[in-house]
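Below is one structure; the comments refer to it alone.
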Amino acid sequence: MGAYSDIQKRRTIRIFQQKTVPFSLLKKCVNAARLSPSACNTQSLRFVAVNDLKVVAELDKAVYFGGVVKEKGRKEGEEPKAFIAILVDKEKKSKYTSIDVGIAAEAITLVALEAGVACCMMGAIQKERIKGILGIPNGFEVPLVVALGYPAEKPVLEGPTKDLFYWIDLKGELHVPKLSLEEVLHRNRFREGD
Ligand SMILES: Cc1cc2nc3c(=O)[nH]c(=O)nc-3n(C[C@H](O)[C@H](O)[C@H](O)COP(=O)(O)O)c2cc1C
């Protein structure tokens, strides 16, 4: 266990077991996000953590899952069991805020993973609808939500493909291509074809 092996293990999950995610874990995830770096220490983010199943079901209808869920539709019994909505206080927003949001989302994801809970970060969301469901005032934006639950799929990590799209095989398994380390890493200075 450790950051590197957790990051290697982490995959986006969109199909979940129907096991409750305890609020104590959501609290721990948000605490990790709270302690994460933010540009100029602005701390412009707030969080709504939800494991009330009625509200979770409403949120599930206001987000767009890719992968098998997109191809075959959300089946009953596969839904996420919690959400954490990441809010931005508009008054404290800066040009770096979206970076802060990403860092917070990764902290949430890694703390959840440690407890066996998987996540899907979600930017394709109906923001106004989510604000309505959660009673979020106008002074806040919702750039990203994180869906959480115990995983019921095991995506396979693949080497790079031309288009880098993830794909579903005949068994319904998700395959996720990643660029190679050689392709993304330059040693000491940027060199074309390095
Ligand atoms: C900022 C951001 C927004 C995302 N939005 C969505 C989304 O709306 N729906 C979805 O199903 N997946 C979403 N994803 C998940 C990506 O599709 C996923 O990270 C990518 O396919 C790579 O898979 P991996 O996370 O297993 O490495 C998002 C990821 C990020 C970082």
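Starting from 1 in every chain, residues are counted up; chains themselves are A, B, ... following the order of the structure tokens, and ligands are numbered from 1 as listed.
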Point to revise | Expected answer as a list in words: residues within 6 Å of ligand 1, only C-alpha atoms and all ligand atoms | key: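 The residues near ligand 1 are Arg11, Thr12, Tyr64, Phe65, Gly66, Cys120, Met121, Met122, Gly123, Ala124 and Val176 of chain A.
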Pull the closest atom pair for each residue of region 66-100 of chain A that gets at most 12 Å from region 38-46 of chain A, along with the distance in Å to one decimal, counting only C-alpha atoms, ordering rows by chain and then ascending residue number, as JSON lines.
```
{"residue": "A:Ile84", "atom": "CA", "partner": "A:Arg46", "partner_atom": "CA", "distance": 10.1}
{"residue": "A:Ala85", "atom": "CA", "partner": "A:Arg46", "partner_atom": "CA", "distance": 8.4}
{"residue": "A:Ile86", "atom": "CA", "partner": "A:Arg46", "partner_atom": "CA", "distance": 6.1}
{"residue": "A:Leu87", "atom": "CA", "partner": "A:Arg46", "partner_atom": "CA", "distance": 4.9}
{"residue": "A:Val88", "atom": "CA", "partner": "A:Leu45", "partner_atom": "CA", "distance": 4.7}
{"residue": "A:Asp89", "atom": "CA", "partner": "A:Ser44", "partner_atom": "CA", "distance": 5.4}
{"residue": "A:Lys90", "atom": "CA", "partner": "A:Ser44", "partner_atom": "CA", "distance": 8.0}
{"residue": "A:Glu91", "atom": "CA", "partner": "A:Ser44", "partner_atom": "CA", "distance": 8.3}
{"residue": "A:Lys92", "atom": "CA", "partner": "A:Ser44", "partner_atom": "CA", "distance": 5.4}
{"residue": "A:Lys93", "atom": "CA", "partner": "A:Ser44", "partner_atom": "CA", "distance": 6.4}
{"residue": "A:Ser94", "atom": "CA", "partner": "A:Ala39", "partner_atom": "CA", "distance": 8.5}
{"residue": "A:Lys95", "atom": "CA", "partner": "A:Ala39", "partner_atom": "CA", "distance": 9.2}
{"residue": "A:Tyr96", "atom": "CA", "partner": "A:Ala39", "partner_atom": "CA", "distance": 6.3}
{"residue": "A:Thr97", "atom": "CA", "partner": "A:Ala39", "partner_atom": "CA", "distance": 7.4}
{"residue": "A:Ser98", "atom": "CA", "partner": "A:Ser38", "partner_atom": "CA", "distance": 10.0}
{"residue": "A:Ile99", "atom": "CA", "partner": "A:Ser38", "partner_atom": "CA", "distance": 8.1}
{"residue": "A:Asp100", "atom": "CA", "partner": "A:Ser38", "partner_atom": "CA", "distance": 5.3}
```
**Study point:** helix (DSSP H, G or I) call set, DSSP backbone run, region 7-191 of chain A, as a ChimeraX atom specification
**Key:** /A:7-9,23-34,39-41,53-60,67-72,90-92,97-114,127-134,181-184
**Study point:** Within 8 Å of Ala33 (chain A) using only C-alpha atoms, minus same-chain residues under 3 positions, as an MDAnalysis selection string
**Key:** chainID A and resid 29:30 36 103:105 107:108
Output the selection as a PDB file, in the first residue's frame - C-alpha atoms for each residue.
```pdb
ATOM      1  CA  CYS A  29     -12.791  11.931   1.900  1.00  0.00           C
ATOM      2  CA  VAL A  30     -13.892  15.554   2.329  1.00  0.00           C
ATOM      3  CA  SER A  36      -5.290  19.461  -0.118  1.00  0.00           C
ATOM      4  CA  ILE A 103      -6.717  18.027  -6.794  1.00  0.00           C
ATOM      5  CA  ALA A 104      -9.632  17.769  -4.345  1.00  0.00           C
ATOM      6  CA  ALA A 105     -11.319  15.156  -6.535  1.00  0.00           C
ATOM      7  CA  ALA A 107      -7.817  13.239  -2.826  1.00  0.00           C
ATOM      8  CA  ILE A 108     -11.424  12.080  -2.439  1.00  0.00           C
TER       9      ILE A 108
END
```
Within 7 Å of Pro160 (chain A), counting only C-alpha atoms, which residues show up once you throw out same-chain ones fewer than 5 positions away? Write them as a short mmCIF file (atom, residue, chain, number, x, y, z; two decimals) with N, CA and C atoms, in the first residue's frame, please.
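around.cif was written with the following content:
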```cif
data_model
loop_
_atom_site.label_atom_id
_atom_site.label_comp_id
_atom_site.auth_asym_id
_atom_site.auth_seq_id
_atom_site.Cartn_x
_atom_site.Cartn_y
_atom_site.Cartn_z
N PRO A 177 -7.35 2.44 -22.29
CA PRO A 177 -5.99 2.62 -22.80
C PRO A 177 -5.29 3.83 -22.18
N LYS A 178 -4.03 3.67 -21.90
CA LYS A 178 -3.21 4.79 -21.39
C LYS A 178 -1.96 4.92 -22.26
N LEU A 179 -1.52 6.14 -22.43
CA LEU A 179 -0.25 6.38 -23.11
C LEU A 179 0.87 5.74 -22.31
N SER A 180 1.96 5.42 -22.99
CA SER A 180 3.11 4.83 -22.28
C SER A 180 3.88 5.93 -21.55
#
```
Exercise for review: Just the residues within 12 Å of Gly132 (chain A), please, counting only C-alpha atoms, with nothing from its chain fewer than 4 positions along; format it as a list of chain:residue names.
Suggested key: A:Val55, A:Glu58, A:Leu59, A:Ala62, A:Gln126, A:Lys127, A:Glu128, A:Ile136, A:Pro137, A:Asn138, A:Phe140, A:Glu141, A:Val142
**Study point:** region 109-168 of chain A: residues DSSP assigns to strand (DSSP E or B), reported as a PyMOL selection string
**Key:** chain A and resi 118-122+125+140-149+151+156-158+167-168
Check your understanding: Rounded to one decimal in Å, what is the spacing between CA of Phe47 (chain A) and CA of Leu174 (chain A)?
Key -> 29.6 Å
Check your understanding: region 18-24 of chain A: which residues within 7 Å, counting only C-alpha atoms, same-chain residues fewer than 5 positions away excluded, as a VMD selection string?
Key -> chain A and resid 51 77 to 78 81 to 82 149 to 150
**Study point:** Residue nearest Val117 (chain A) - candidates A:Pro151, A:Pro143, A:Gly102, A:Gly135, atoms counted: only C-alpha atoms
**Key:**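 Using only C-alpha atoms, Val117 (chain A) sits closest to A:Pro151.
In this comparison, which uses only C-alpha atoms, the residue of A:Lys162, A:His175, A:Lys27, A:Arg10 approaching Phe83 (chain A) most closely is A:Lys27.
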Practice item. Rank A:Glu153, A:Asp52, A:Asp6, A:Asp169 by their smallest atom-to-atom distance to Ala115 (chain A), using only C-alpha atoms, and report the top residue only. Key: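 Between A:Glu153, A:Asp52, A:Asp6, A:Asp169, the residue approaching Ala115 (chain A) most closely is A:Asp6.
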Review point. Of the candidates A:Glu173, A:Asp163, A:Glu106, A:Glu114, which one gets nearest to Leu25 (chain A) if we count only C-alpha atoms?
Key: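 The closest residue to Leu25 (chain A) is A:Glu114.
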Practice item. Would you please work out which residue, of A:Leu110, A:Val68, A:Leu134, A:Leu26, is nearest to Ala152 (chain A) when using only C-alpha atoms? Key: A:Val68
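One finds CA of Ile133 (chain A) at 27.5 Å from CA of Gly116 (chain A).
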